[in-house]
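Below is one structure; the comments refer to it alone.
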Amino acid sequence: MSDKKIKSVFIQGAISSEFIGESIAKHQTKISIGAHNIFLGQVRADVIDNKIVAAIEYTAYEDMANAKFHEIREAAFEKFELTCMHIYHSLGTVNAGEICLFVFVSSPHRKAVFDALEFIVEEIKSKVPVFGKEIFEDNSHQWKVNS
Amino acid sequence: MSDKKIKSVFIQGAISSEFIGESIAKHQTKISIGAHNIFLGQVRADVIDNKIVAAIEYTAYEDMANAKFHEIREAAFEKFELTCMHIYHSLGTVNAGEICLFVFVSSPHRKAVFDALEFIVEEIKSKVPVFGKEIFEDNSHQWKVNS
Amino acid sequence: MKVTIKYFGLLSEVTKCEEETIDFSKTLISELLEELCIKYPNLINKDFQVAQNQELVSFDTKLLSNELVLLPPFSGG
Amino acid sequence: MKVTIKYFGLLSEVTKCEEETIDFSKTLISELLEELCIKYPNLINKDFQVAQNQELVSFDTKLLSNELVLLPPFSGG
């Protein structure tokens, strides 16, 4: 695997369900895998002060973000018995109902994927410099803060 | 939602990646969802006494299994803040590399989906009367035991 | 009374049938299982649970249904 | 020396630019931030971290790079 090379995890715009389905299909030749676990982050149409979130516009400090994603990958492979791992994050505009984060881990056994997926998602939320600007239906905006 | 009606979770044969992709797509109109978590069980080509598992043939005590799946659903909705939940399990032959279990939970927030998914998968493994017959490449077989 | 016994997975290989109906005149599930173990001596060393009315019950329960289901260890997922 | 400052997210709205190059003659990152807070008084009450060489560092670190990046709270995923 080419895990040692830092590659970009960023995708312009939303992550499509077809892309996710195709990623799953690609793993059906890896016959040592017994368990997959997938996290998808989806943009919520939150209501804030009577205004509805229509989309989130993502920007990132890309060089540092890709380096952090790489560190998280390495740490996860170190800590958990994983066969493979894929992370994709959107940049640009993602509408409410669309997917902005796709984390996919696979292992021979289920315990490893449960532990690894939660670890990776929490690490992404806390350590990767990505910024979400919530665009309301009236085109005003506010900057998202992760809970 | 029609959660109160007991419906069958069984699918004949493997669960396709297209089916999973389409399930994800159907949730993009549910704009209160912020997090999805998906577990996929995949048949491993285990090597046992020098013989390779080519497929698993699943049978179930279907009436009781569907009742148990329903109880697990109800318990999960009770315990966790879920927007929706889907469970599919294969019956019949599933080849190595193919998917035999698909559990899909969605919630406004990520913590609920992590906790719920692991709960549901462990409950399925321990409480649902499904039986896997591991078919080796030489057509001999043994009955699978969950670890 | 007539009782239908169902066998799943490995157990149906031991009994060479998936289902059979037998006459049973006693009370407890354990008593029915004793009769089955006489008929199928290889059942004795098998690990199984029993269900009546779609619920697992202990062997010392009374037989309340005219159907008893013998289930080997579950291995779904 | 010349230092390039980059602003992300909310901070680029406060400074009305994403990047600028300024002259800086002192030593510590905190001293550079003091100068920026004089230039942009609205920065003072904003929550942010700083990164040099793609790593978060504390404000009392020496400026070792000719680039400093100001990052508001992360909100990816």
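As shown in the structure tokens, the chain order sets the letters A, B, ...; within each chain, residues go from 1, and ligands are also counted from 1 in the order they appear.
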Mind fitting chain C onto chain D over all Cα atoms in sequence order and sending the result as a CSV table (one decimal) with N, CA and C atoms, in the first residue's frame?
```csv
chain,number,residue,atom,x,y,z
C,1,MET,N,12.7,41.2,9.5
C,1,MET,CA,12.5,40.3,8.4
C,1,MET,C,11.1,40.3,7.9
C,2,LYS,N,10.9,39.8,6.7
C,2,LYS,CA,9.6,39.8,6.1
C,2,LYS,C,8.9,38.5,6.6
C,3,VAL,N,7.7,38.7,7.0
C,3,VAL,CA,6.9,37.5,7.5
C,3,VAL,C,5.5,37.5,6.8
C,4,THR,N,5.2,36.3,6.2
C,4,THR,CA,3.9,36.2,5.6
C,4,THR,C,2.9,35.7,6.6
C,5,ILE,N,1.8,36.3,6.8
C,5,ILE,CA,0.7,35.9,7.7
C,5,ILE,C,-0.5,35.4,6.9
C,6,LYS,N,-1.0,34.2,7.3
C,6,LYS,CA,-2.2,33.7,6.6
C,6,LYS,C,-3.3,33.7,7.6
C,7,TYR,N,-4.5,34.0,7.1
C,7,TYR,CA,-5.7,34.0,8.0
C,7,TYR,C,-6.7,33.1,7.4
C,8,PHE,N,-7.3,32.3,8.2
C,8,PHE,CA,-8.3,31.3,7.8
C,8,PHE,C,-9.7,31.6,8.4
C,9,GLY,N,-10.7,31.2,7.7
C,9,GLY,CA,-12.1,31.3,8.2
C,9,GLY,C,-12.5,32.7,8.7
C,10,LEU,N,-13.1,32.7,9.9
C,10,LEU,CA,-13.6,33.9,10.5
C,10,LEU,C,-12.5,35.0,10.5
C,11,LEU,N,-11.2,34.6,10.7
C,11,LEU,CA,-10.1,35.6,10.9
C,11,LEU,C,-9.9,36.4,9.6
C,12,SER,N,-10.1,35.7,8.5
C,12,SER,CA,-9.9,36.4,7.2
C,12,SER,C,-11.0,37.5,7.0
C,13,GLU,N,-12.1,37.3,7.7
C,13,GLU,CA,-13.2,38.3,7.7
C,13,GLU,C,-12.8,39.5,8.5
C,14,VAL,N,-12.1,39.2,9.7
C,14,VAL,CA,-11.7,40.3,10.6
C,14,VAL,C,-10.6,41.2,9.9
C,15,THR,N,-9.7,40.5,9.2
C,15,THR,CA,-8.6,41.2,8.6
C,15,THR,C,-8.9,41.7,7.2
C,16,LYS,N,-9.9,41.2,6.6
C,16,LYS,CA,-10.3,41.5,5.3
C,16,LYS,C,-9.2,41.1,4.3
C,17,CYS,N,-8.4,40.1,4.6
C,17,CYS,CA,-7.4,39.5,3.7
C,17,CYS,C,-7.1,38.1,4.1
C,18,GLU,N,-6.7,37.3,3.2
C,18,GLU,CA,-6.3,35.9,3.5
C,18,GLU,C,-4.8,35.8,3.8
C,19,GLU,N,-4.1,36.8,3.4
C,19,GLU,CA,-2.6,36.6,3.5
C,19,GLU,C,-2.0,38.0,3.3
C,20,GLU,N,-1.0,38.3,4.1
C,20,GLU,CA,-0.3,39.6,3.9
C,20,GLU,C,1.2,39.4,4.3
C,21,THR,N,2.1,40.2,3.9
C,21,THR,CA,3.5,40.1,4.3
C,21,THR,C,3.8,41.4,5.0
C,22,ILE,N,4.4,41.3,6.2
C,22,ILE,CA,4.7,42.5,7.0
C,22,ILE,C,6.2,42.4,7.4
C,23,ASP,N,6.7,43.5,7.8
C,23,ASP,CA,8.1,43.6,8.4
C,23,ASP,C,8.0,43.3,9.9
C,24,PHE,N,8.9,42.5,10.4
C,24,PHE,CA,8.8,42.1,11.9
C,24,PHE,C,10.3,42.0,12.4
C,25,SER,N,10.5,42.8,13.5
C,25,SER,CA,11.9,42.9,13.9
C,25,SER,C,12.1,42.2,15.3
C,26,LYS,N,11.1,41.7,15.9
C,26,LYS,CA,11.2,41.2,17.2
C,26,LYS,C,11.4,39.6,17.2
C,27,THR,N,11.1,38.9,18.3
C,27,THR,CA,11.5,37.5,18.4
C,27,THR,C,10.4,36.5,18.5
C,28,LEU,N,9.5,36.8,19.4
C,28,LEU,CA,8.4,35.9,19.8
C,28,LEU,C,7.2,36.0,18.9
C,29,ILE,N,6.5,34.9,18.8
C,29,ILE,CA,5.2,34.9,18.1
C,29,ILE,C,4.2,35.9,18.8
C,30,SER,N,4.2,35.9,20.2
C,30,SER,CA,3.4,36.8,20.9
C,30,SER,C,3.6,38.2,20.6
C,31,GLU,N,4.8,38.5,20.3
C,31,GLU,CA,5.2,39.9,19.9
C,31,GLU,C,4.6,40.3,18.5
C,32,LEU,N,4.7,39.3,17.6
C,32,LEU,CA,4.1,39.5,16.3
C,32,LEU,C,2.5,39.6,16.4
C,33,LEU,N,1.9,38.8,17.3
C,33,LEU,CA,0.5,38.9,17.5
C,33,LEU,C,0.1,40.2,18.1
C,34,GLU,N,0.9,40.8,19.0
C,34,GLU,CA,0.6,42.1,19.5
C,34,GLU,C,0.5,43.1,18.4
C,35,GLU,N,1.4,43.1,17.5
C,35,GLU,CA,1.4,44.0,16.4
C,35,GLU,C,0.2,43.8,15.5
C,36,LEU,N,-0.2,42.6,15.3
C,36,LEU,CA,-1.4,42.3,14.5
C,36,LEU,C,-2.7,42.8,15.2
C,37,CYS,N,-2.7,42.7,16.5
C,37,CYS,CA,-3.9,43.1,17.3
C,37,CYS,C,-4.0,44.7,17.3
C,38,ILE,N,-2.8,45.3,17.1
C,38,ILE,CA,-2.9,46.8,17.0
C,38,ILE,C,-3.5,47.1,15.6
C,39,LYS,N,-3.0,46.4,14.6
C,39,LYS,CA,-3.5,46.7,13.3
C,39,LYS,C,-5.0,46.3,13.1
C,40,TYR,N,-5.4,45.1,13.8
C,40,TYR,CA,-6.8,44.6,13.7
C,40,TYR,C,-7.4,44.5,15.1
C,41,PRO,N,-7.9,45.6,15.7
C,41,PRO,CA,-8.3,45.5,17.1
C,41,PRO,C,-9.4,44.4,17.3
C,42,ASN,N,-10.1,44.0,16.3
C,42,ASN,CA,-11.2,43.0,16.5
C,42,ASN,C,-10.6,41.6,16.6
C,43,LEU,N,-9.3,41.4,16.4
C,43,LEU,CA,-8.6,40.1,16.6
C,43,LEU,C,-8.6,39.8,18.0
C,44,ILE,N,-8.5,40.8,18.9
C,44,ILE,CA,-8.2,40.6,20.3
C,44,ILE,C,-9.2,39.6,21.0
C,45,ASN,N,-10.5,39.8,20.7
C,45,ASN,CA,-11.5,38.9,21.3
C,45,ASN,C,-11.8,37.6,20.5
C,46,LYS,N,-11.0,37.3,19.5
C,46,LYS,CA,-11.2,36.1,18.7
C,46,LYS,C,-10.4,34.9,19.3
C,47,ASP,N,-11.0,33.8,19.2
C,47,ASP,CA,-10.4,32.5,19.6
C,47,ASP,C,-9.6,32.0,18.5
C,48,PHE,N,-8.3,31.9,18.6
C,48,PHE,CA,-7.5,31.3,17.5
C,48,PHE,C,-6.2,30.6,18.0
C,49,GLN,N,-5.7,29.8,17.2
C,49,GLN,CA,-4.4,29.2,17.4
C,49,GLN,C,-3.4,29.6,16.3
C,50,VAL,N,-2.1,29.4,16.5
C,50,VAL,CA,-1.2,29.7,15.5
C,50,VAL,C,-0.4,28.4,15.1
C,51,ALA,N,0.0,28.4,13.8
C,51,ALA,CA,0.8,27.2,13.3
C,51,ALA,C,2.0,27.8,12.6
C,52,GLN,N,3.2,27.2,12.9
C,52,GLN,CA,4.3,27.5,12.0
C,52,GLN,C,4.9,26.1,11.6
C,53,ASN,N,5.4,26.1,10.4
C,53,ASN,CA,5.8,24.8,9.8
C,53,ASN,C,4.8,23.7,10.0
C,54,GLN,N,3.5,24.1,9.8
C,54,GLN,CA,2.4,23.1,9.8
C,54,GLN,C,2.1,22.5,11.1
C,55,GLU,N,2.7,23.1,12.2
C,55,GLU,CA,2.4,22.5,13.5
C,55,GLU,C,1.9,23.6,14.4
C,56,LEU,N,0.9,23.3,15.3
C,56,LEU,CA,0.4,24.3,16.2
C,56,LEU,C,1.5,24.6,17.2
C,57,VAL,N,1.7,25.8,17.6
C,57,VAL,CA,2.7,26.2,18.6
C,57,VAL,C,2.1,27.2,19.6
C,58,SER,N,2.7,27.3,20.8
C,58,SER,CA,2.2,28.2,21.7
C,58,SER,C,2.7,29.6,21.4
C,59,PHE,N,2.0,30.6,21.9
C,59,PHE,CA,2.3,32.0,21.5
C,59,PHE,C,3.7,32.5,22.0
C,60,ASP,N,4.2,31.8,23.1
C,60,ASP,CA,5.5,32.2,23.6
C,60,ASP,C,6.7,31.6,22.9
C,61,THR,N,6.4,30.9,21.8
C,61,THR,CA,7.4,30.3,21.0
C,61,THR,C,8.1,31.4,20.1
C,62,LYS,N,9.4,31.1,19.8
C,62,LYS,CA,10.1,32.0,18.9
C,62,LYS,C,9.6,31.8,17.5
C,63,LEU,N,9.5,32.9,16.7
C,63,LEU,CA,9.1,32.8,15.3
C,63,LEU,C,10.3,32.3,14.6
C,64,LEU,N,10.2,31.1,14.0
C,64,LEU,CA,11.3,30.4,13.4
C,64,LEU,C,11.2,30.3,11.9
C,65,SER,N,10.0,30.7,11.4
C,65,SER,CA,9.7,30.5,10.0
C,65,SER,C,9.3,31.9,9.5
C,66,ASN,N,9.4,32.1,8.2
C,66,ASN,CA,8.9,33.4,7.6
C,66,ASN,C,7.4,33.3,7.2
C,67,GLU,N,6.7,32.3,7.8
C,67,GLU,CA,5.3,32.2,7.6
C,67,GLU,C,4.6,31.9,8.9
C,68,LEU,N,3.6,32.6,9.3
C,68,LEU,CA,2.8,32.3,10.4
C,68,LEU,C,1.3,32.2,10.0
C,69,VAL,N,0.7,31.1,10.5
C,69,VAL,CA,-0.7,30.9,10.1
C,69,VAL,C,-1.7,31.0,11.3
C,70,LEU,N,-2.7,31.9,11.2
C,70,LEU,CA,-3.6,32.0,12.3
C,70,LEU,C,-4.9,31.2,11.9
C,71,LEU,N,-5.3,30.3,12.9
C,71,LEU,CA,-6.4,29.4,12.6
C,71,LEU,C,-7.5,29.5,13.7
C,72,PRO,N,-8.7,29.8,13.2
C,72,PRO,CA,-9.8,29.8,14.2
C,72,PRO,C,-10.2,28.4,14.6
C,73,PRO,N,-11.1,28.2,15.5
C,73,PRO,CA,-11.5,26.8,15.9
C,73,PRO,C,-11.8,25.9,14.7
C,74,PHE,N,-11.3,24.7,14.7
C,74,PHE,CA,-11.6,23.8,13.6
C,74,PHE,C,-13.0,23.3,13.6
C,75,SER,N,-13.6,23.2,12.4
C,75,SER,CA,-15.0,22.7,12.4
C,75,SER,C,-15.2,21.8,11.1
C,76,GLY,N,-14.3,20.9,10.9
C,76,GLY,CA,-14.4,19.9,9.8
C,76,GLY,C,-15.4,18.8,10.2
C,77,GLY,N,-15.7,18.1,9.2
C,77,GLY,CA,-16.5,16.8,9.3
C,77,GLY,C,-18.0,17.0,9.4
```
With a cut-off of 7 Å, could you pull out the residues of chain B touching chain C and give me the nearest pair of atoms for each, distance in Å to one decimal, using only C-alpha atoms, ordered by chain and ascending number, as a tab-separated table?
```
residue	atom	partner	partner_atom	distance
B:Gly41	CA	C:Gly77	CA	5.8
B:Met64	CA	C:Gln54	CA	4.9
B:Cys100	CA	C:Gly77	CA	6.4
B:Leu101	CA	C:Gly77	CA	5.3
B:Lys125	CA	C:Gly76	CA	5.7
B:Ser126	CA	C:Phe74	CA	6.7
B:Val128	CA	C:Phe74	CA	6.8
B:Pro129	CA	C:Phe74	CA	5.3
B:Val130	CA	C:Gly76	CA	4.7
B:Phe131	CA	C:Ser75	CA	5.0
B:Gly132	CA	C:Ser75	CA	5.6
B:Trp143	CA	C:Leu10	CA	6.5
B:Lys144	CA	C:Ser75	CA	6.0
B:Val145	CA	C:Ser75	CA	5.4
B:Asn146	CA	C:Ser75	CA	5.0
```
Listing only residues of chain B within 9 Å of chain A, what is the closest atom pair and its distance in Å (to one decimal) for each, using only C-alpha atoms, sorted by chain and residue number ascending, as a Markdown table?
```
| residue | atom | partner | partner_atom | distance |
| --- | --- | --- | --- | --- |
| B:Ser16 | CA | A:Ala25 | CA | 8.0 |
| B:Ser17 | CA | A:Gly21 | CA | 5.1 |
| B:Glu18 | CA | A:Gly21 | CA | 5.8 |
| B:Phe19 | CA | A:Gly21 | CA | 8.1 |
| B:Ile20 | CA | A:Gly21 | CA | 6.4 |
| B:Gly21 | CA | A:Gly21 | CA | 4.5 |
| B:Glu22 | CA | A:Ser17 | CA | 7.0 |
| B:Ser23 | CA | A:Ser17 | CA | 8.6 |
| B:Ile24 | CA | A:Ser17 | CA | 6.0 |
| B:Ala25 | CA | A:Ser17 | CA | 5.5 |
| B:His27 | CA | A:Gly97 | CA | 7.5 |
| B:Gln28 | CA | A:Gly97 | CA | 4.4 |
| B:Thr29 | CA | A:Gly97 | CA | 5.8 |
| B:Lys30 | CA | A:Gly97 | CA | 6.3 |
| B:Ile31 | CA | A:Gly97 | CA | 4.8 |
| B:Ser32 | CA | A:Arg44 | CA | 5.2 |
| B:Ile33 | CA | A:Arg44 | CA | 5.8 |
| B:Gly34 | CA | A:Gln42 | CA | 4.6 |
| B:Ala35 | CA | A:Gly41 | CA | 4.7 |
| B:His36 | CA | A:Leu40 | CA | 5.0 |
| B:Asn37 | CA | A:Phe39 | CA | 4.7 |
| B:Ile38 | CA | A:Ile38 | CA | 5.0 |
| B:Phe39 | CA | A:Asn37 | CA | 4.7 |
| B:Leu40 | CA | A:His36 | CA | 5.0 |
| B:Gly41 | CA | A:Ala35 | CA | 4.8 |
| B:Gln42 | CA | A:Gly34 | CA | 4.6 |
| B:Val43 | CA | A:Gly34 | CA | 5.8 |
| B:Arg44 | CA | A:Ile31 | CA | 5.2 |
| B:Ala45 | CA | A:Ile31 | CA | 5.4 |
| B:Asp46 | CA | A:Ser32 | CA | 7.1 |
| B:Ala96 | CA | A:Ile31 | CA | 6.1 |
| B:Gly97 | CA | A:Gln28 | CA | 4.4 |
| B:Glu98 | CA | A:Gln28 | CA | 5.9 |
| B:Ile99 | CA | A:Gln28 | CA | 8.1 |
| B:Pro108 | CA | A:Arg44 | CA | 7.5 |
| B:Arg110 | CA | A:Gly41 | CA | 8.2 |
| B:Lys111 | CA | A:Glu118 | CA | 8.8 |
| B:Val113 | CA | A:Phe39 | CA | 9.0 |
| B:Phe114 | CA | A:Glu118 | CA | 6.9 |
| B:Leu117 | CA | A:Phe114 | CA | 8.7 |
| B:Glu118 | CA | A:Phe114 | CA | 6.9 |
```
Work out how far atom CA of Phe10 of chain A is from atom CA of Tyr58 of chain A, in Å to one decimal.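 A separation of 10.2 Å between them.
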Could you write out, as a PyMOL selection string, all the residues of chain B that DSSP marks as strand (DSSP E)? chain B and resi 10-12+35-42+47-48+51-60+84-95+99-107+130-136+141-143
Neighbouring residues of Val94 of chain A were defined as those with any atom within 7 Å, considering only C-alpha atoms; residues of the same chain fewer than 6 positions away were excluded. Please report them as a count of residues only. 6
Can you tell me, as JSON, numbers by chain, which residues in segment 16-123 of chain B count as helix (DSSP H, G or I) by DSSP? {"B": [17, 18, 19, 20, 21, 22, 23, 24, 25, 26, 27, 28, 29, 62, 63, 64, 65, 66, 67, 68, 69, 70, 71, 72, 73, 74, 75, 76, 77, 78, 79, 110, 111, 112, 113, 114, 115, 116, 117, 118, 119, 120, 121, 122, 123]}
Atom CA of Arg73 of chain B to atom CA of Ile124 of chain B, straight-line distance in Å: 10.2 Å
What does the structure give for the distance between atom CA of Ala116 of chain A and atom CA of Lys133 of chain B, in Å to one decimal?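 These two atoms are separated by 29.3 Å.
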